[in-house]
$ cat my_file10.cif   # mmCIF, C-alpha atoms
data_structure
loop_
_atom_site.group_PDB
_atom_site.id
_atom_site.type_symbol
_atom_site.label_atom_id
_atom_site.label_comp_id
_atom_site.auth_asym_id
_atom_site.auth_seq_id
_atom_site.Cartn_x
_atom_site.Cartn_y
_atom_site.Cartn_z
ATOM 1 C CA MET P 203 169.427 157.771 114.293
ATOM 2 C CA PRO P 204 166.560 155.557 113.033
ATOM 3 C CA THR P 205 165.230 156.088 109.532
ATOM 4 C CA ASP P 206 161.709 155.549 108.222
ATOM 5 C CA ARG P 207 162.946 152.495 106.321
ATOM 6 C CA ARG P 208 161.422 149.685 108.380
ATOM 7 C CA LEU P 209 160.532 146.333 106.964
ATOM 8 C CA PRO P 210 157.236 144.571 107.542
ATOM 9 C CA PRO P 211 157.178 141.723 110.100
ATOM 10 C CA LEU P 212 157.877 139.135 107.327
ATOM 11 C CA GLY P 213 155.586 136.475 108.780
ATOM 12 C CA ARG P 214 157.388 134.795 111.667
ATOM 13 C CA PRO P 215 159.892 136.799 113.713
ATOM 14 C CA TRP P 216 163.544 136.866 112.640
ATOM 15 C CA SER P 217 166.758 136.838 114.594
ATOM 16 C CA PHE P 218 169.994 138.128 113.155
ATOM 17 C CA LEU P 219 173.353 136.987 114.401
ATOM 18 C CA ILE P 220 176.024 139.609 113.744
ATOM 19 C CA ARG P 221 179.606 139.511 114.973
ATOM 20 C CA LYS P 222 180.070 143.254 115.465
ATOM 21 C CA SER P 223 178.117 145.326 117.986
ATOM 22 C CA THR P 224 178.303 148.623 116.087
ATOM 23 C CA VAL P 225 176.733 147.029 113.012
ATOM 24 C CA GLY P 226 174.193 145.134 115.099
ATOM 25 C CA ALA P 227 173.074 148.191 117.070
ATOM 26 C CA ARG P 228 172.732 150.279 113.916
ATOM 27 C CA LEU P 229 170.809 147.552 112.079
ATOM 28 C CA ALA P 230 168.419 147.062 115.003
ATOM 29 C CA SER P 231 167.839 150.808 115.120
ATOM 30 C CA GLU P 232 167.139 150.938 111.364
ATOM 31 C CA LEU P 233 164.669 148.048 111.596
ATOM 32 C CA GLY P 234 163.066 149.001 114.894
ATOM 33 C CA TRP P 235 164.020 145.602 116.332
ATOM 34 C CA LYS P 236 165.437 144.619 119.723
ATOM 35 C CA PHE P 237 169.216 144.546 120.034
ATOM 36 C CA TYR P 238 171.352 142.395 122.289
ATOM 37 C CA ASP P 239 175.127 142.408 122.594
ATOM 38 C CA ALA P 240 176.102 138.867 123.607
ATOM 39 C CA ASP P 241 179.151 140.205 125.473
ATOM 40 C CA ASP P 242 176.765 141.709 128.036
ATOM 41 C CA TYR P 243 175.658 138.171 128.987
ATOM 42 C CA HIS P 244 179.056 136.578 129.639
ATOM 43 C CA PRO P 245 179.297 135.352 133.225
ATOM 44 C CA GLU P 246 181.933 136.997 135.388
ATOM 45 C CA GLU P 247 184.121 133.854 135.208
ATOM 46 C CA ASN P 248 184.337 134.203 131.392
ATOM 47 C CA ARG P 249 185.143 137.908 131.616
ATOM 48 C CA THR P 250 187.852 137.254 134.202
ATOM 49 C CA LYS P 251 189.364 134.436 132.149
ATOM 50 C CA MET P 252 189.480 136.543 128.984
ATOM 51 C CA GLY P 253 190.787 139.533 130.933
ATOM 52 C CA LYS P 254 193.755 137.368 131.950
ATOM 53 C CA GLY P 255 194.396 136.544 128.282
ATOM 54 C CA ILE P 256 193.056 132.975 128.523
ATOM 55 C CA PRO P 257 190.869 131.916 125.558
ATOM 56 C CA LEU P 258 187.419 130.520 126.302
ATOM 57 C CA ASN P 259 186.734 126.862 125.492
ATOM 58 C CA ASP P 260 183.476 125.060 124.655
ATOM 59 C CA GLN P 261 182.696 124.444 128.329
ATOM 60 C CA ASP P 262 182.969 128.191 128.981
ATOM 61 C CA ARG P 263 180.880 129.205 125.993
ATOM 62 C CA ILE P 264 178.042 126.662 125.924
ATOM 63 C CA PRO P 265 176.113 127.855 129.025
ATOM 64 C CA TRP P 266 176.460 131.431 127.714
ATOM 65 C CA LEU P 267 175.130 130.388 124.290
ATOM 66 C CA CYS P 268 172.237 128.507 125.914
ATOM 67 C CA LYS P 269 171.289 131.645 127.818
ATOM 68 C CA LEU P 270 171.355 133.608 124.551
ATOM 69 C CA HIS P 271 169.203 130.945 122.865
ATOM 70 C CA ASP P 272 166.672 131.264 125.677
ATOM 71 C CA ILE P 273 166.574 135.054 125.164
ATOM 72 C CA LEU P 274 166.051 134.635 121.406
ATOM 73 C CA LEU P 275 163.376 132.021 121.986
ATOM 74 C CA ARG P 276 161.526 134.213 124.478
ATOM 75 C CA ASP P 277 161.484 137.175 122.110
ATOM 76 C CA VAL P 278 160.531 135.117 119.045
ATOM 77 C CA ALA P 279 157.695 133.479 121.001
ATOM 78 C CA SER P 280 156.349 136.954 121.790
ATOM 79 C CA GLY P 281 156.576 138.003 118.116
ATOM 80 C CA GLN P 282 159.670 140.187 118.501
ATOM 81 C CA CYS P 283 162.409 140.328 115.860
ATOM 82 C CA VAL P 284 165.946 140.518 117.255
ATOM 83 C CA VAL P 285 169.476 141.469 116.252
ATOM 84 C CA LEU P 286 172.156 139.693 118.308
ATOM 85 C CA ALA P 287 175.799 140.740 118.104
ATOM 86 C CA CYS P 288 177.699 137.571 118.976
ATOM 87 C CA SER P 289 180.970 135.846 118.147
ATOM 88 C CA ALA P 290 179.408 132.457 117.498
ATOM 89 C CA LEU P 291 182.674 131.187 116.071
ATOM 90 C CA LYS P 292 181.758 127.533 115.446
ATOM 91 C CA LYS P 293 178.836 125.950 113.627
ATOM 92 C CA MET P 294 178.017 124.106 116.846
ATOM 93 C CA TYR P 295 177.657 127.475 118.615
ATOM 94 C CA ARG P 296 175.316 128.800 115.932
ATOM 95 C CA ASP P 297 173.314 125.566 116.167
ATOM 96 C CA ILE P 298 172.866 126.134 119.903
ATOM 97 C CA LEU P 299 171.631 129.666 119.272
ATOM 98 C CA LEU P 300 169.204 128.323 116.686
ATOM 99 C CA ARG P 301 167.981 125.101 118.288
ATOM 100 C CA GLY P 302 169.035 125.191 121.925
ATOM 101 C CA LYS P 303 169.469 121.823 123.548
ATOM 102 C CA GLU P 304 167.997 119.987 120.537
ATOM 103 C CA GLY P 305 170.846 121.315 118.422
ATOM 104 C CA ALA P 306 173.601 120.349 120.839
ATOM 105 C CA ALA P 307 174.445 117.672 123.341
ATOM 106 C CA TRP P 308 174.322 120.295 126.122
ATOM 107 C CA LYS P 309 171.249 120.984 128.216
ATOM 108 C CA CYS P 310 170.116 124.625 128.199
ATOM 109 C CA ASP P 311 167.195 124.481 130.612
ATOM 110 C CA GLU P 312 168.018 123.089 134.035
ATOM 111 C CA SER P 313 164.363 123.041 135.127
ATOM 112 C CA GLY P 314 163.744 119.894 133.069
ATOM 113 C CA LYS P 315 160.461 121.278 131.744
ATOM 114 C CA GLU P 316 159.683 120.157 128.205
ATOM 115 C CA GLU P 317 157.478 122.187 125.902
ATOM 116 C CA GLU P 318 157.229 122.809 122.167
ATOM 117 C CA PRO P 319 159.542 125.781 121.534
ATOM 118 C CA ALA P 320 158.871 128.588 119.078
ATOM 119 C CA GLU P 321 160.950 128.375 115.929
ATOM 120 C CA VAL P 322 163.963 130.683 115.786
ATOM 121 C CA ARG P 323 164.744 131.788 112.229
ATOM 122 C CA LEU P 324 168.351 132.886 112.145
ATOM 123 C CA LEU P 325 170.234 134.837 109.496
ATOM 124 C CA VAL P 326 173.949 134.839 110.253
ATOM 125 C CA VAL P 327 175.717 137.977 109.072
ATOM 126 C CA HIS P 328 179.361 136.952 108.889
ATOM 127 C CA LEU P 329 181.549 140.053 108.901
ATOM 128 C CA SER P 330 184.816 138.830 107.446
ATOM 129 C CA GLY P 331 188.187 140.487 107.421
ATOM 130 C CA SER P 332 191.873 139.798 107.619
ATOM 131 C CA PHE P 333 193.642 139.314 110.915
ATOM 132 C CA GLU P 334 195.554 142.571 110.331
ATOM 133 C CA VAL P 335 192.444 144.704 109.752
ATOM 134 C CA ILE P 336 190.510 143.284 112.700
ATOM 135 C CA SER P 337 193.560 143.406 114.967
ATOM 136 C CA GLY P 338 194.071 147.066 114.115
ATOM 137 C CA ARG P 339 190.481 147.826 115.089
ATOM 138 C CA LEU P 340 190.725 145.887 118.357
ATOM 139 C CA LEU P 341 193.835 147.827 119.338
ATOM 140 C CA LYS P 342 191.763 151.036 119.121
ATOM 141 C CA ARG P 343 188.909 149.624 121.248
ATOM 142 C CA LYS P 344 188.874 150.855 124.836
ATOM 143 C CA GLY P 345 187.266 149.410 127.952
ATOM 144 C CA HIS P 346 186.459 145.911 126.721
ATOM 145 C CA PHE P 347 187.250 142.838 128.822
ATOM 146 C CA MET P 348 188.702 140.849 125.903
ATOM 147 C CA PRO P 349 192.272 141.903 125.156
ATOM 148 C CA PRO P 350 193.388 142.078 121.496
ATOM 149 C CA GLU P 351 195.897 139.279 122.228
ATOM 150 C CA LEU P 352 192.994 136.777 122.187
ATOM 151 C CA LEU P 353 192.134 137.532 118.552
ATOM 152 C CA GLN P 354 194.494 134.817 117.272
ATOM 153 C CA SER P 355 192.642 132.174 119.302
ATOM 154 C CA GLN P 356 189.355 133.378 117.802
ATOM 155 C CA PHE P 357 190.743 133.075 114.276
ATOM 156 C CA GLU P 358 191.956 129.555 115.114
ATOM 157 C CA THR P 359 188.509 128.602 116.476
ATOM 158 C CA LEU P 360 186.535 130.225 113.646
ATOM 159 C CA GLU P 361 184.440 127.961 111.421
ATOM 160 C CA PRO P 362 182.959 130.402 108.884
ATOM 161 C CA PRO P 363 179.313 129.739 108.036
ATOM 162 C CA ALA P 364 178.681 127.497 105.043
ATOM 163 C CA ALA P 365 175.691 125.896 103.333
ATOM 164 C CA PRO P 366 173.180 124.827 104.483
ATOM 165 C CA GLU P 367 173.407 127.598 107.115
ATOM 166 C CA ASN P 368 171.333 130.708 106.381
ATOM 167 C CA PHE P 369 174.038 133.370 106.119
ATOM 168 C CA ILE P 370 175.565 136.224 104.203
ATOM 169 C CA GLN P 371 179.200 137.251 104.264
ATOM 170 C CA ILE P 372 180.203 140.905 104.157
ATOM 171 C CA SER P 373 183.691 142.395 104.260
ATOM 172 C CA VAL P 374 184.490 144.521 107.318
ATOM 173 C CA GLU P 375 186.371 146.794 104.958
ATOM 174 C CA LYS P 376 183.032 148.191 103.701
ATOM 175 C CA ASN P 377 181.783 151.216 105.578
ATOM 176 C CA LEU P 378 178.936 150.931 108.055
ATOM 177 C CA SER P 379 176.298 152.289 105.645
ATOM 178 C CA GLU P 380 177.317 149.798 102.944
ATOM 179 C CA ILE P 381 177.176 146.896 105.401
ATOM 180 C CA ILE P 382 173.707 147.926 106.618
ATOM 181 C CA ALA P 383 172.452 148.384 103.030
ATOM 182 C CA THR P 384 173.681 144.893 102.072
ATOM 183 C CA ILE P 385 171.941 143.324 105.061
ATOM 184 C CA MET P 386 168.702 145.221 104.345
ATOM 185 C CA GLU P 387 168.763 144.125 100.689
ATOM 186 C CA THR P 388 169.243 140.519 101.754
ATOM 187 C CA LEU P 389 166.382 140.706 104.230
ATOM 188 C CA GLU P 390 164.052 142.311 101.661
ATOM 189 C CA ALA P 391 164.805 139.402 99.305
ATOM 190 C CA LYS P 392 163.863 136.772 101.961
#
$ encode --input "my_file10.cif" --output "structure tokens"
Amino acid sequence: MPTDRRLPPLGRPWSFLIRKSTVGARLASELGWKFYDADDYHPEENRTKMGKGIPLNDQDRIPWLCKLHDILLRDVASGQCVVLACSALKKMYRDILLRGKEGAAWKCDESGKEEEPAEVRLLVVHLSGSFEVISGRLLKRKGHFMPPELLQSQFETLEPPAAPENFIQISVEKNLSEIIATIMETLEAK
């Protein structure tokens, strides 16, 4: 349930990148911002591949990330702040979300139209935890296309955020209210 604790627009619109949908949805609700779960935008081929226990590679992920960048860019250009729950495991993936085709060697917009894009300000909220803790939680998750057996490949792919990226790291062992409070405190300090 939303609270009355909403932050002012903070100048230009913000986008948050969070790796867990429960946290992302709750944060968006608290802030009164739009929420997107990146899993909802995977093409059917990616869902099928993961459902068969086959890890995604860069070629699978990059078009998906470009689509997410375009969504962020559209909302930022209209003045909307956004929370995106997304497993952007590599720095390159986070760069695509932030800069689109300028941040990666991959083309996001097939139309070929060039225009000055709005600036996406991104705060990465890296929810960190041990393989055992996260694996235990995945085993309890029902109805998701990614089987828990793929978690090891995600840990192997993971490049945790580091300077100069704009990020905070929070342990998944904190409860949901503590995680949200930490994110809110960080945003208020920005």
$ resolve_selection --input "my_file10.cif" --expression "the PyMOL selection byres ((chain P and resi 240-255) around 7)" --output "list in words"
Tyr238, Asp239, Ile256, Pro257, Leu258, Asp262, Trp266, Leu286, Ala287, Cys288, Phe347, Met348, Pro349, Glu351 and Leu352 of chain P
$ write_last_selection --input "my_file10.cif" --atoms "C-alpha atoms" --output "compact mmCIF listing (two decimals), in the frame of the given file"
# COMPACT_ATOMS: atom_id res chain seq x y z
CA TYR P 238 171.35 142.40 122.29
CA ASP P 239 175.13 142.41 122.59
CA ILE P 256 193.06 132.98 128.52
CA PRO P 257 190.87 131.92 125.56
CA LEU P 258 187.42 130.52 126.30
CA ASP P 262 182.97 128.19 128.98
CA TRP P 266 176.46 131.43 127.71
CA LEU P 286 172.16 139.69 118.31
CA ALA P 287 175.80 140.74 118.10
CA CYS P 288 177.70 137.57 118.98
CA PHE P 347 187.25 142.84 128.82
CA MET P 348 188.70 140.85 125.90
CA PRO P 349 192.27 141.90 125.16
CA GLU P 351 195.90 139.28 122.23
CA LEU P 352 192.99 136.78 122.19
$ residues_around --input "my_file10.cif" --residues "Asn377 of chain P" --least-positions-apart "4" --cutoff "12 Å" --atoms "all atoms listed in the file" --output "list of chain:residue names"
P:Thr224, P:Val225, P:Leu329, P:Ile372, P:Ser373, P:Ile381, P:Ile382, P:Ala383, P:Thr384
$ write_last_selection --input "my_file10.cif" --atoms "C-alpha atoms" --output "compact mmCIF listing (two decimals), in the frame of the given file"
# COMPACT_ATOMS: atom_id res chain seq x y z
CA THR P 224 178.30 148.62 116.09
CA VAL P 225 176.73 147.03 113.01
CA LEU P 329 181.55 140.05 108.90
CA ILE P 372 180.20 140.90 104.16
CA SER P 373 183.69 142.40 104.26
CA ILE P 381 177.18 146.90 105.40
CA ILE P 382 173.71 147.93 106.62
CA ALA P 383 172.45 148.38 103.03
CA THR P 384 173.68 144.89 102.07
$ atom_distance --input "my_file10.cif" --atom1 "atom CA of Ile336 of chain P" --atom2 "atom CA of Glu380 of chain P"
17.7 Å
$ residues_around --input "my_file10.cif" --residues "Pro363 of chain P" --least-positions-apart "2" --cutoff "10 Å" --atoms "only C-alpha atoms" --output "PyMOL selection string"
chain P and resi 290-293+296+326-328+360-361+365-371
$ atom_distance --input "my_file10.cif" --atom1 "atom CA of Glu358 of chain P" --atom2 "atom CA of Leu340 of chain P"
16.7 Å
$ atom_distance --input "my_file10.cif" --atom1 "atom CA of Ile298 of chain P" --atom2 "atom CA of Arg276 of chain P"
14.7 Å
$ closest_residue --input "my_file10.cif" --among "P:Leu325, P:Phe237, P:Ser330, P:Val374" --to "Lys392 of chain P" --atoms "only C-alpha atoms"
P:Leu325
$ closest_residue --input "my_file10.cif" --among "P:Arg323, P:Arg339, P:Glu232, P:Glu334" --to "Leu275 of chain P" --atoms "all atoms listed in the file"
P:Arg323
$ axis_aligned_box --input "my_file10.cif" --around "segment 278-284 of chain P" --padding-each-side "4 Å" --output "JSON"
{"center_x": 161.1, "center_y": 137.0, "center_z": 118.8, "size_x": 17.6, "size_y": 15.0, "size_z": 13.9}
$ closest_residue --input "my_file10.cif" --among "P:Val335, P:Leu300, P:Gln354, P:Ser289" --to "Lys222 of chain P" --atoms "only C-alpha atoms"
P:Ser289
$ closest_residue --input "my_file10.cif" --among "P:Pro362, P:Gly226, P:Gly302, P:Gly338" --to "Leu270 of chain P" --atoms "all atoms listed in the file"
P:Gly302
$ closest_residue --input "my_file10.cif" --among "P:Thr359, P:Ser337, P:Ser223, P:Gln282" --to "Met294 of chain P" --atoms "all atoms listed in the file"
P:Thr359
$ closest_residue --input "my_file10.cif" --among "P:Val322, P:Arg263, P:Tyr295, P:His271" --to "Cys283 of chain P" --atoms "all atoms listed in the file"
P:Val322
